file run01.cif (mmCIF, C-alpha atoms and all ligand atoms)
data_upload
#
loop_
_atom_site.label_atom_id
_atom_site.label_comp_id
_atom_site.auth_asym_id
_atom_site.auth_seq_id
_atom_site.Cartn_x
_atom_site.Cartn_y
_atom_site.Cartn_z
CA MET A 1466 17.79 20.64 2.36
CA LYS A 1467 15.01 22.61 0.65
CA PRO A 1468 12.43 20.57 -1.25
CA ASN A 1469 13.06 20.03 -4.91
CA THR A 1470 16.60 21.33 -4.96
CA ALA A 1471 19.06 19.26 -6.97
CA PHE A 1472 21.33 16.83 -5.16
CA ALA A 1473 22.79 13.35 -5.45
CA LEU A 1474 22.93 10.20 -3.33
CA ARG A 1475 25.90 7.88 -3.52
CA GLY A 1476 25.60 4.17 -2.70
CA ASN A 1477 24.66 0.72 -4.01
CA LEU A 1478 21.52 1.32 -6.07
CA VAL A 1479 19.14 -1.63 -6.35
CA ASP A 1480 15.92 -1.50 -8.38
CA SER A 1481 13.99 -3.55 -10.92
CA ALA A 1482 15.37 -3.82 -14.45
CA SER A 1483 12.08 -5.54 -15.39
CA PRO A 1484 9.21 -7.28 -13.56
CA THR A 1485 11.39 -10.39 -13.30
CA GLN A 1486 14.89 -8.98 -12.83
CA LEU A 1487 16.70 -6.92 -10.24
CA ARG A 1488 19.69 -4.79 -11.10
CA CYS A 1489 22.37 -3.46 -8.82
CA ARG A 1490 24.52 -0.50 -9.66
CA GLU A 1491 27.27 -0.60 -7.04
CA ASP A 1492 28.77 2.67 -5.86
CA HIS A 1493 26.76 4.85 -8.23
CA PHE A 1494 25.29 8.34 -8.00
CA LEU A 1495 21.52 8.88 -8.10
CA VAL A 1496 20.79 12.46 -9.13
CA CYS A 1497 17.60 14.31 -8.17
CA GLU A 1498 16.29 17.39 -9.95
CA ASP A 1499 12.92 18.93 -9.17
CA GLY A 1500 11.67 15.86 -7.37
CA ARG A 1501 12.48 13.53 -10.28
CA VAL A 1502 15.32 11.14 -11.04
CA ALA A 1503 17.71 12.97 -13.39
CA GLY A 1504 19.94 9.95 -13.92
CA VAL A 1505 22.16 7.23 -12.48
CA PHE A 1506 25.91 7.57 -13.01
CA PRO A 1507 29.07 5.67 -12.07
CA ARG A 1508 30.84 9.04 -11.69
CA LEU A 1509 29.16 12.38 -11.23
CA PRO A 1510 29.12 14.13 -14.65
CA ASP A 1511 30.71 17.59 -14.84
CA ARG A 1512 27.33 19.30 -15.16
CA TYR A 1513 26.44 17.96 -11.73
CA ALA A 1514 29.85 18.57 -10.12
CA HIS A 1515 28.46 21.45 -8.01
CA LEU A 1516 25.65 19.35 -6.47
CA PRO A 1517 25.61 18.42 -2.81
CA VAL A 1518 26.21 14.68 -2.46
CA GLU A 1519 24.99 12.55 0.44
CA ASP A 1520 27.54 9.82 0.69
CA TRP A 1521 25.91 6.49 1.62
CA SER A 1522 28.76 4.36 0.28
CA GLY A 1523 28.35 0.72 1.22
CA ARG A 1524 24.62 1.14 1.97
CA LEU A 1525 21.78 -0.13 -0.20
CA ILE A 1526 19.56 2.48 -1.84
CA ILE A 1527 16.21 1.22 -3.14
CA PRO A 1528 13.14 2.95 -4.60
CA GLY A 1529 10.45 3.93 -2.07
CA LEU A 1530 7.96 1.12 -1.53
CA THR A 1531 4.20 1.40 -1.95
CA ASP A 1532 1.72 0.06 0.62
CA LEU A 1533 -1.30 -0.31 -1.64
CA HIS A 1534 -3.69 -1.25 1.16
CA THR A 1535 -3.65 -0.51 4.87
CA HIS A 1536 -6.04 0.52 7.67
CA ALA A 1537 -4.77 3.34 9.92
CA PRO A 1538 -7.28 2.75 12.76
CA GLN A 1539 -6.33 -0.92 12.97
CA TYR A 1540 -2.66 -0.24 13.70
CA ALA A 1541 -3.46 0.04 17.42
CA PHE A 1542 -4.62 -3.58 17.67
CA ARG A 1543 -2.13 -5.20 15.29
CA GLY A 1544 -1.03 -8.61 16.55
CA LEU A 1545 -4.32 -9.23 18.40
CA GLY A 1546 -7.12 -11.61 17.44
CA MET A 1547 -4.87 -13.35 14.96
CA ASP A 1548 -6.49 -16.75 15.58
CA LEU A 1549 -9.76 -15.57 14.00
CA GLU A 1550 -11.10 -15.70 10.46
CA LEU A 1551 -12.12 -12.55 8.54
CA LEU A 1552 -15.81 -12.11 9.43
CA ASP A 1553 -15.39 -13.09 13.10
CA TRP A 1554 -12.32 -10.85 13.37
CA LEU A 1555 -14.27 -7.90 11.94
CA GLU A 1556 -17.02 -8.39 14.56
CA ALA A 1557 -14.79 -9.19 17.53
CA ARG A 1558 -11.87 -6.81 16.99
CA THR A 1559 -12.19 -4.42 14.11
CA PHE A 1560 -15.61 -2.87 14.46
CA PRO A 1561 -15.35 -2.24 18.24
CA GLU A 1562 -11.90 -0.65 17.79
CA GLU A 1563 -12.95 1.50 14.82
CA ALA A 1564 -15.96 2.80 16.80
CA GLY A 1565 -13.42 4.43 19.14
CA TYR A 1566 -12.36 6.90 16.42
CA ALA A 1567 -15.47 8.98 17.14
CA ASP A 1568 -13.30 10.25 20.01
CA LEU A 1569 -10.81 12.75 18.60
CA ASP A 1570 -8.43 12.48 21.55
CA TYR A 1571 -8.15 8.74 21.06
CA ALA A 1572 -7.81 9.19 17.31
CA ARG A 1573 -4.99 11.71 17.78
CA ARG A 1574 -3.01 9.32 19.95
CA ALA A 1575 -3.64 6.25 17.84
CA TYR A 1576 -3.15 7.91 14.43
CA GLY A 1577 -0.03 9.61 15.76
CA LEU A 1578 1.54 6.20 16.37
CA PHE A 1579 0.48 4.90 12.96
CA VAL A 1580 1.88 7.90 11.09
CA GLN A 1581 5.13 7.78 13.08
CA GLU A 1582 5.78 4.21 12.00
CA LEU A 1583 4.71 4.74 8.39
CA GLN A 1584 6.96 7.77 8.21
CA ALA A 1585 9.96 5.88 9.54
CA GLY A 1586 9.48 2.82 7.30
CA ALA A 1587 10.48 2.03 3.75
CA ALA A 1588 7.16 3.00 2.15
CA THR A 1589 6.91 6.40 0.48
CA ARG A 1590 3.35 5.92 -0.81
CA ALA A 1591 0.25 4.38 0.68
CA CYS A 1592 -3.48 3.88 0.15
CA VAL A 1593 -5.07 4.13 3.56
CA PHE A 1594 -8.51 3.33 5.00
CA ALA A 1595 -9.61 5.51 7.93
CA THR A 1596 -13.02 4.97 9.59
CA VAL A 1597 -16.52 6.32 8.94
CA HIS A 1598 -15.74 9.36 11.09
CA ARG A 1599 -15.21 12.55 9.09
CA GLU A 1600 -13.36 14.55 11.73
CA SER A 1601 -10.87 11.92 12.77
CA THR A 1602 -10.26 11.10 9.09
CA LEU A 1603 -9.32 14.76 8.56
CA LEU A 1604 -7.04 14.57 11.59
CA LEU A 1605 -5.30 11.53 10.07
CA MET A 1606 -4.92 13.41 6.80
CA GLU A 1607 -3.34 16.39 8.59
CA LEU A 1608 -0.80 14.10 10.26
CA LEU A 1609 -0.02 12.36 6.98
CA GLU A 1610 0.31 15.68 5.17
CA LYS A 1611 2.99 16.71 7.68
CA SER A 1612 4.82 13.39 7.28
CA GLY A 1613 5.80 14.24 3.69
CA LEU A 1614 4.56 10.88 2.39
CA VAL A 1615 2.30 10.74 -0.65
CA THR A 1616 -0.94 9.07 0.32
CA ARG A 1617 -4.53 8.49 -0.62
CA VAL A 1618 -6.81 8.35 2.40
CA GLY A 1619 -10.44 7.27 2.55
CA LYS A 1620 -13.24 8.08 4.92
CA VAL A 1621 -14.97 4.70 5.06
CA ASN A 1622 -18.60 4.32 4.03
CA MET A 1623 -20.80 1.70 5.71
CA ASP A 1624 -24.55 1.77 6.31
CA ARG A 1625 -25.37 -1.88 7.04
CA ASN A 1626 -24.18 -5.10 8.68
CA CYS A 1627 -22.13 -3.57 11.46
CA PRO A 1628 -22.78 -2.44 15.05
CA ASP A 1629 -24.94 0.66 15.53
CA SER A 1630 -21.96 2.42 17.09
CA LEU A 1631 -20.23 2.37 13.70
CA ARG A 1632 -23.07 2.23 11.19
CA GLU A 1633 -23.91 5.43 9.33
CA PRO A 1634 -27.66 5.91 9.84
CA SER A 1635 -28.56 5.90 6.12
CA ALA A 1636 -27.08 6.00 2.64
CA GLN A 1637 -27.95 9.69 2.41
CA THR A 1638 -26.20 10.65 5.66
CA SER A 1639 -23.15 8.66 4.59
CA LEU A 1640 -23.05 10.46 1.23
CA ALA A 1641 -23.57 13.88 2.82
CA ALA A 1642 -20.71 13.21 5.26
CA THR A 1643 -18.53 12.13 2.32
CA ARG A 1644 -19.20 15.34 0.45
CA ARG A 1645 -18.43 17.46 3.52
CA TRP A 1646 -15.22 15.51 4.05
CA LEU A 1647 -14.20 16.08 0.41
CA GLU A 1648 -14.75 19.82 0.77
CA ALA A 1649 -12.71 19.92 3.98
CA CYS A 1650 -9.69 18.08 2.55
CA ALA A 1651 -9.46 19.99 -0.72
CA GLY A 1652 -6.40 21.95 0.47
CA PHE A 1653 -4.04 19.04 1.14
CA ARG A 1654 -1.18 18.59 -1.29
CA ASN A 1655 0.35 15.16 -0.62
CA THR A 1656 -2.57 13.55 1.17
CA ARG A 1657 -5.54 13.22 -1.08
CA PRO A 1658 -8.92 11.55 -0.83
CA ILE A 1659 -10.00 8.20 -2.22
CA LEU A 1660 -13.60 6.94 -2.13
CA THR A 1661 -13.79 4.00 0.28
CA PRO A 1662 -16.89 1.81 0.40
CA ARG A 1663 -15.69 -0.77 2.96
CA PHE A 1664 -16.97 -3.78 0.98
CA ILE A 1665 -20.31 -4.81 -0.46
CA PRO A 1666 -21.68 -6.42 2.74
CA SER A 1667 -21.24 -3.05 4.55
CA CYS A 1668 -22.84 -0.88 1.85
CA SER A 1669 -26.44 -0.77 0.64
CA ASP A 1670 -27.10 -0.53 -3.10
CA GLU A 1671 -28.34 3.02 -2.55
CA LEU A 1672 -25.04 3.98 -0.92
CA LEU A 1673 -22.96 2.34 -3.66
CA ALA A 1674 -25.02 4.09 -6.36
CA GLY A 1675 -24.50 7.42 -4.58
CA LEU A 1676 -20.76 6.86 -4.31
CA ALA A 1677 -20.58 5.95 -7.99
CA ALA A 1678 -22.27 9.30 -8.74
CA VAL A 1679 -19.70 11.14 -6.58
CA GLN A 1680 -16.96 9.24 -8.40
CA ARG A 1681 -18.23 10.25 -11.84
CA GLU A 1682 -18.54 13.87 -10.70
CA THR A 1683 -15.09 14.12 -9.11
CA GLY A 1684 -12.99 11.53 -10.97
CA LEU A 1685 -11.66 10.39 -7.59
CA PRO A 1686 -10.11 6.92 -7.25
CA VAL A 1687 -11.82 4.12 -5.34
CA GLN A 1688 -10.56 1.47 -2.90
CA SER A 1689 -12.34 -1.51 -1.43
CA HIS A 1690 -12.09 -5.24 -0.67
CA LEU A 1691 -12.81 -8.04 -3.16
CA SER A 1692 -13.02 -11.85 -2.96
CA GLU A 1693 -11.01 -12.18 0.23
CA ASN A 1694 -12.69 -15.05 2.05
CA PRO A 1695 -15.06 -17.91 1.09
CA SER A 1696 -17.85 -16.91 3.54
CA GLU A 1697 -17.62 -13.29 2.40
CA VAL A 1698 -17.80 -14.33 -1.28
CA GLU A 1699 -20.87 -16.45 -0.56
CA TRP A 1700 -22.48 -13.57 1.39
CA VAL A 1701 -22.00 -11.22 -1.58
CA ARG A 1702 -23.47 -13.86 -3.92
CA GLN A 1703 -26.63 -13.78 -1.80
CA LEU A 1704 -26.67 -9.98 -1.49
CA CYS A 1705 -26.19 -9.40 -5.23
CA PRO A 1706 -28.25 -11.94 -7.18
CA ASP A 1707 -27.99 -9.62 -10.20
CA ALA A 1708 -24.25 -10.32 -10.63
CA ALA A 1709 -22.39 -13.45 -11.73
CA GLY A 1710 -19.64 -12.73 -9.20
CA TYR A 1711 -18.28 -10.32 -6.60
CA GLY A 1712 -16.22 -8.28 -9.08
CA GLU A 1713 -19.19 -7.99 -11.41
CA ALA A 1714 -21.30 -6.75 -8.49
CA TYR A 1715 -18.92 -3.77 -8.08
CA LEU A 1716 -18.88 -3.27 -11.86
CA ARG A 1717 -22.68 -3.14 -12.09
CA ARG A 1718 -22.66 -0.57 -9.29
CA GLY A 1719 -20.17 1.65 -11.13
CA LEU A 1720 -17.24 1.06 -8.77
CA LEU A 1721 -14.78 -1.19 -10.55
CA GLY A 1722 -12.18 0.69 -12.50
CA GLY A 1723 -12.47 1.82 -16.11
CA GLU A 1724 -10.67 4.70 -17.73
CA ASN A 1725 -11.85 7.41 -15.35
CA CYS A 1726 -12.08 5.43 -12.15
CA PRO A 1727 -8.66 4.26 -10.88
CA THR A 1728 -9.46 1.48 -8.44
CA VAL A 1729 -7.58 -0.60 -5.88
CA MET A 1730 -9.18 -3.85 -4.78
CA ALA A 1731 -7.55 -5.58 -1.82
CA HIS A 1732 -6.98 -9.35 -1.76
CA CYS A 1733 -8.72 -11.01 -4.78
CA VAL A 1734 -7.78 -14.39 -3.29
CA TYR A 1735 -10.82 -16.06 -4.87
CA SER A 1736 -10.82 -14.19 -8.19
CA ASP A 1737 -11.43 -16.90 -10.83
CA ALA A 1738 -10.49 -16.56 -14.50
CA ALA A 1739 -13.65 -14.56 -15.31
CA GLU A 1740 -13.09 -12.12 -12.43
CA ARG A 1741 -9.40 -11.75 -13.32
CA ARG A 1742 -10.40 -10.91 -16.90
CA LEU A 1743 -12.71 -8.23 -15.55
CA LEU A 1744 -9.95 -6.80 -13.34
CA LYS A 1745 -7.63 -6.66 -16.31
CA GLU A 1746 -10.20 -5.10 -18.65
CA GLN A 1747 -11.07 -2.47 -16.05
CA GLY A 1748 -7.41 -1.72 -15.24
CA VAL A 1749 -7.99 -2.41 -11.54
CA TRP A 1750 -4.98 -2.63 -9.20
CA VAL A 1751 -5.00 -5.70 -6.97
CA ALA A 1752 -3.44 -5.09 -3.55
CA HIS A 1753 -1.96 -8.46 -2.64
CA CYS A 1754 -1.73 -8.74 1.16
CA PRO A 1755 0.00 -12.05 1.92
CA GLN A 1756 0.45 -11.54 5.67
CA SER A 1757 -3.21 -10.69 6.18
CA ASN A 1758 -4.29 -13.59 3.98
CA THR A 1759 -2.28 -15.88 6.27
CA ASN A 1760 -3.38 -14.37 9.61
CA LEU A 1761 -7.09 -14.31 8.71
CA SER A 1762 -6.84 -17.75 7.04
CA SER A 1763 -8.16 -16.18 3.85
CA GLY A 1764 -6.01 -18.25 1.50
CA ALA A 1765 -3.29 -17.68 -1.09
CA ALA A 1766 -4.06 -15.30 -3.95
CA PRO A 1767 -3.37 -16.33 -7.57
CA VAL A 1768 -0.59 -13.79 -8.02
CA ARG A 1769 1.20 -15.76 -10.75
CA ALA A 1770 -2.03 -15.69 -12.77
CA PHE A 1771 -2.37 -11.92 -12.20
CA LEU A 1772 1.15 -11.40 -13.52
CA GLU A 1773 0.82 -13.73 -16.50
CA GLU A 1774 -2.59 -12.39 -17.47
CA GLY A 1775 -1.57 -8.73 -17.18
CA VAL A 1776 -3.62 -7.74 -14.12
CA ARG A 1777 -2.05 -4.78 -12.30
CA VAL A 1778 -0.82 -5.82 -8.86
CA GLY A 1779 1.10 -4.42 -5.91
CA LEU A 1780 1.59 -5.30 -2.23
CA GLY A 1781 -0.35 -4.18 0.84
CA SER A 1782 0.25 -4.59 4.56
CA ASP A 1783 -3.51 -4.66 5.32
CA VAL A 1784 -2.71 -3.83 8.93
CA ALA A 1785 -4.27 -5.15 11.13
CA GLY A 1786 -5.12 -8.24 9.09
CA GLY A 1787 -1.38 -8.00 8.58
CA HIS A 1788 0.47 -7.52 11.87
CA THR A 1789 3.27 -5.33 10.50
CA LEU A 1790 3.40 -2.24 8.29
CA SER A 1791 6.65 -3.44 6.73
CA ILE A 1792 6.45 -3.80 2.96
CA LEU A 1793 9.98 -5.21 3.03
CA ARG A 1794 8.48 -8.03 5.08
CA ALA A 1795 5.54 -8.24 2.63
CA ILE A 1796 8.06 -9.04 -0.12
CA ALA A 1797 9.21 -12.11 1.82
CA ASP A 1798 5.62 -13.02 2.74
CA ALA A 1799 4.57 -12.85 -0.91
CA VAL A 1800 7.26 -15.36 -1.85
CA GLN A 1801 6.39 -17.66 1.07
CA VAL A 1802 2.63 -17.64 0.45
CA SER A 1803 3.14 -18.27 -3.27
CA LYS A 1804 5.14 -21.38 -2.36
CA LEU A 1805 2.31 -22.72 -0.21
CA ARG A 1806 -0.14 -22.08 -3.03
CA TRP A 1807 2.17 -23.89 -5.44
CA ARG A 1808 2.35 -26.96 -3.19
CA LEU A 1809 -1.16 -27.03 -1.75
CA VAL A 1810 -3.52 -25.72 -4.44
CA GLU A 1811 -4.47 -28.05 -7.22
CA GLY A 1812 -2.75 -26.83 -10.39
CA GLY A 1813 -0.88 -24.17 -8.37
CA ALA A 1814 1.45 -22.12 -10.52
CA ARG A 1815 5.18 -21.62 -10.02
CA PRO A 1816 5.97 -19.51 -6.94
CA LEU A 1817 7.12 -15.89 -7.06
CA THR A 1818 10.80 -15.10 -7.16
CA LEU A 1819 12.31 -12.42 -4.94
CA PRO A 1820 12.82 -10.05 -7.91
CA GLU A 1821 9.14 -10.46 -8.83
CA ALA A 1822 7.98 -9.76 -5.27
CA PHE A 1823 10.32 -6.74 -5.10
CA TRP A 1824 8.82 -5.45 -8.34
CA LEU A 1825 5.32 -5.76 -6.85
CA ALA A 1826 6.41 -3.69 -3.84
CA THR A 1827 8.01 -0.97 -5.99
CA ALA A 1828 6.96 -0.40 -9.61
CA GLY A 1829 3.90 -2.71 -9.43
CA GLY A 1830 2.03 -0.82 -6.71
CA GLY A 1831 3.87 2.44 -7.42
CA ALA A 1832 2.16 2.63 -10.82
CA PHE A 1833 -1.05 3.59 -9.02
CA PHE A 1834 0.72 6.86 -8.20
CA GLY A 1835 2.32 7.36 -11.64
CA GLN A 1836 5.96 6.80 -12.57
CA VAL A 1837 7.02 5.56 -9.15
CA GLY A 1838 9.23 2.69 -8.03
CA ARG A 1839 12.27 2.61 -10.33
CA PHE A 1840 15.42 4.67 -10.74
CA GLU A 1841 14.62 5.78 -14.29
CA PRO A 1842 15.10 9.31 -15.59
CA GLY A 1843 11.88 11.30 -15.18
CA TRP A 1844 10.45 8.97 -12.53
CA ALA A 1845 9.59 10.26 -9.06
CA PHE A 1846 12.63 10.56 -6.79
CA ASP A 1847 11.39 8.21 -4.08
CA ALA A 1848 14.46 6.65 -2.49
CA VAL A 1849 15.22 4.77 0.71
CA VAL A 1850 18.65 4.15 2.20
CA LEU A 1851 18.92 0.82 4.03
CA GLU A 1852 21.38 -0.11 6.72
CA ASP A 1853 21.80 -3.82 7.53
CA SER A 1854 24.47 -3.65 10.22
CA ALA A 1855 21.88 -4.76 12.81
CA TYR A 1856 22.13 -8.18 11.11
CA PRO A 1857 25.86 -8.95 11.00
CA HIS A 1858 27.23 -11.70 8.77
CA PRO A 1859 30.66 -13.34 8.71
CA GLN A 1860 30.75 -14.02 4.96
CA PRO A 1861 30.86 -11.54 2.08
CA LEU A 1862 27.41 -10.93 0.57
CA SER A 1863 26.41 -9.17 -2.64
CA SER A 1864 24.06 -6.19 -2.50
CA LEU A 1865 21.24 -8.37 -3.86
CA GLU A 1866 21.86 -10.97 -1.14
CA ARG A 1867 21.89 -8.23 1.48
CA LEU A 1868 18.54 -6.95 0.21
CA GLU A 1869 16.92 -10.41 0.18
CA ARG A 1870 18.16 -11.05 3.69
CA LEU A 1871 16.75 -7.76 4.98
CA CYS A 1872 13.31 -8.67 3.59
CA TYR A 1873 13.38 -11.86 5.67
CA LEU A 1874 15.17 -10.68 8.81
CA CYS A 1875 13.66 -7.25 9.28
CA SER A 1876 10.08 -7.14 10.55
CA ASP A 1877 10.39 -3.54 11.69
CA ASP A 1878 11.59 -1.19 8.95
CA ARG A 1879 12.81 1.25 11.59
CA ARG A 1880 15.80 -1.03 12.17
CA ALA A 1881 16.85 -0.67 8.55
CA VAL A 1882 15.74 2.66 7.10
CA VAL A 1883 18.27 5.44 7.70
CA ARG A 1884 17.16 7.99 5.12
CA LYS A 1885 14.12 8.50 2.94
CA PHE A 1886 13.09 10.86 0.15
CA VAL A 1887 9.64 11.32 -1.34
CA GLU A 1888 9.57 13.20 -4.66
CA GLY A 1889 12.98 14.56 -3.72
CA ARG A 1890 11.87 15.80 -0.28
CA PRO A 1891 13.44 14.26 2.80
CA ALA A 1892 10.66 12.51 4.74
CA ALA A 1893 9.91 14.14 8.07
CA GLY A 1894 12.29 12.80 10.72
CA SER A 1895 14.83 11.63 8.10
CA ALA A 1896 18.20 13.26 8.70
CA PRO A 1897 21.30 13.46 6.52
CA ARG A 1898 24.17 11.33 7.63
CA ASN A 1899 26.66 12.67 10.13
CA PRO A 1900 30.06 13.06 8.51
N1 LIG A 2001 -13.20 -6.56 4.57
C1 LIG A 2001 -13.99 -5.58 5.04
N2 LIG A 2001 -13.38 -4.84 5.97
C2 LIG A 2001 -12.16 -5.37 6.10
C3 LIG A 2001 -11.03 -5.03 6.92
O1 LIG A 2001 -11.04 -4.10 7.72
N3 LIG A 2001 -9.92 -5.80 6.75
C4 LIG A 2001 -9.88 -6.83 5.87
N4 LIG A 2001 -8.77 -7.53 5.76
N5 LIG A 2001 -10.91 -7.17 5.11
C5 LIG A 2001 -12.04 -6.45 5.21
FE FE A 2002 -8.22 -4.43 4.34
#

call {"tool": "encode", "arguments": {"input": "run01.cif", "output": "structure tokens", "more": "lines below"}}
Ligand code: GUN
Ligand code: FE
result
Amino acid sequence: MKPNTAFALRGNLVDSASPTQLRCREDHFLVCEDGRVAGVFPRLPDRYAHLPVEDWSGRLIIPGLTDLHTHAPQYAFRGLGMDLELLDWLEARTFPEEAGYADLDYARRAYGLFVQELQAGAATRACVFATVHRESTLLLMELLEKSGLVTRVGKVNMDRNCPDSLREPSAQTSLAATRRWLEACAGFRNTRPILTPRFIPSCSDELLAGLAAVQRETGLPVQSHLSENPSEVEWVRQLCPDAAGYGEAYLRRGLLGGENCPTVMAHCVYSDAAERRLLKEQGVWVAHCPQSNTNLSSGAAPVRAFLEEGVRVGLGSDVAGGHTLSILRAIADAVQVSKLRWRLVEGGARPLTLPEAFWLATAGGGAFFGQVGRFEPGWAFDAVVLEDSAYPHPQPLSSLERLERLCYLCSDDRRAVVRKFVEGRPAAGSAPRNP
């Protein structure tokens, strides 16, 4: 099928009616025109009678999911070092592994595996950290461009507090490499750059000021980490005596949202009321990464407060803090972690419901990319067909029950995803159904 031609999918369409409610339109037609949703119909209207229809009757069709925060170079060591806490894990596992991406042959093999799994999974959009290395970051971007997914990818900046093998020699060399990288990736269509200071402990004030200048010049979005772990928060308090908190430290350095600086901050586990107000005022997207927050014993983020207070929020895998790329699984993790917070944190708010967690994985994070994550006319035609026959059941189940169950039972999306479209284009490797 050529990109952006008109066609329809037939199946059980499940998406969010609102941030708190799922809707299921059983045996309906989802029509695509020019990469956008043209409409949802119980019977194909006459004006669409000529369209090719892919018949997925009996299967679930959901909007493409968004992974708002992941690390491509960490995919290779997912599931290792999971008994460590954040700062020890960075030293023991992450930095030594990321240093290996200076070697393009290694990067090609490792990034190839990452892109293969991302391509085959239920996510159609992702915000991705690479490493400090310009050339292997470009290689990752080439692979992602071919995958058909829509992504933002960042060459990481770091000029302090890491091993020499990974540290950029100075703020100025880091900024020069960033500018050269931006020139080199200007031609990509679906894979675009995002400025990526790793986090404040890794970046000198001179580097952050230089990145803020690049941001103002280019209007590029920014991604980083915020308030993930108590030792990290305390470290930033010492590094930035000018700021009342971690979020304010980014703000003072020109890297925390605002009208012309779309920003994703991962974690925000320790964002208090003042920091949450700042995130809301600056329109920052929080990438909630429940599996990583569990593995790295970071804690349980105040997601209910984000939702009630109007902070933008989506879900991230944070591989390899998270051990799986599955955002279906992140939906279940978000519900589970919110229950622990409810029980264990003083004054903990009511846990998330499945429809709320599903909304985070679709329209919540999708909003970073525009009108993405619902089957509404004019929204991006990002759609995923799910097959749950690998998990047989003796009793009848509704489509919504089948979806909930897949979130819990499926830790590898490749067992469930049988077809995927991104802006109306079939994702690479996604084939129409055999008759
Ligand atoms: N903070 C700084 N770098 C990282 C990283 O690679 N993963 C996570 N989870 N937190 C970070
Ligand atoms: Fe991360």

call {"tool": "atom_distance", "arguments": {"input": "run01.cif", "atom1": "atom C2 of ligand LIG 2001 (chain A)", "atom2": "atom CA of A:Gly1786"}}
result
8.2 Å

call {"tool": "closest_residue", "arguments": {"input": "run01.cif", "among": "A:Gly1476, A:Gly1613, A:Gly1529, A:Gly1787", "to": "ligand LIG 2001 (chain A)", "atoms": "all atoms listed in the file"}}
result
A:Gly1787

call {"tool": "residues_near_ligand", "arguments": {"input": "run01.cif", "ligand": "ligand FE 2002 (chain A)", "cutoff": "12 Å", "atoms": "all atoms listed in the file", "output": "number ranges by chain"}}
result
A: 1532-1540, 1551-1552, 1554-1555, 1559, 1592-1596, 1621, 1661-1664, 1688-1694, 1729-1733, 1751-1758, 1761, 1763, 1780-1788

call {"tool": "atom_distance", "arguments": {"input": "run01.cif", "atom1": "atom CA of A:Glu1811", "atom2": "atom C1 of ligand LIG 2001 (chain A)"}}
result
27.3 Å

call {"tool": "closest_residue", "arguments": {"input": "run01.cif", "among": "A:Gln1680, A:Gln1703, A:Thr1589, A:Thr1759", "to": "A:Arg1617", "atoms": "only C-alpha atoms"}}
result
A:Thr1589

call {"tool": "closest_residue", "arguments": {"input": "run01.cif", "among": "A:Leu1549, A:Val1505, A:Val1887, A:Val1800", "to": "ligand LIG 2001 (chain A)", "atoms": "all atoms listed in the file"}}
result
A:Leu1549
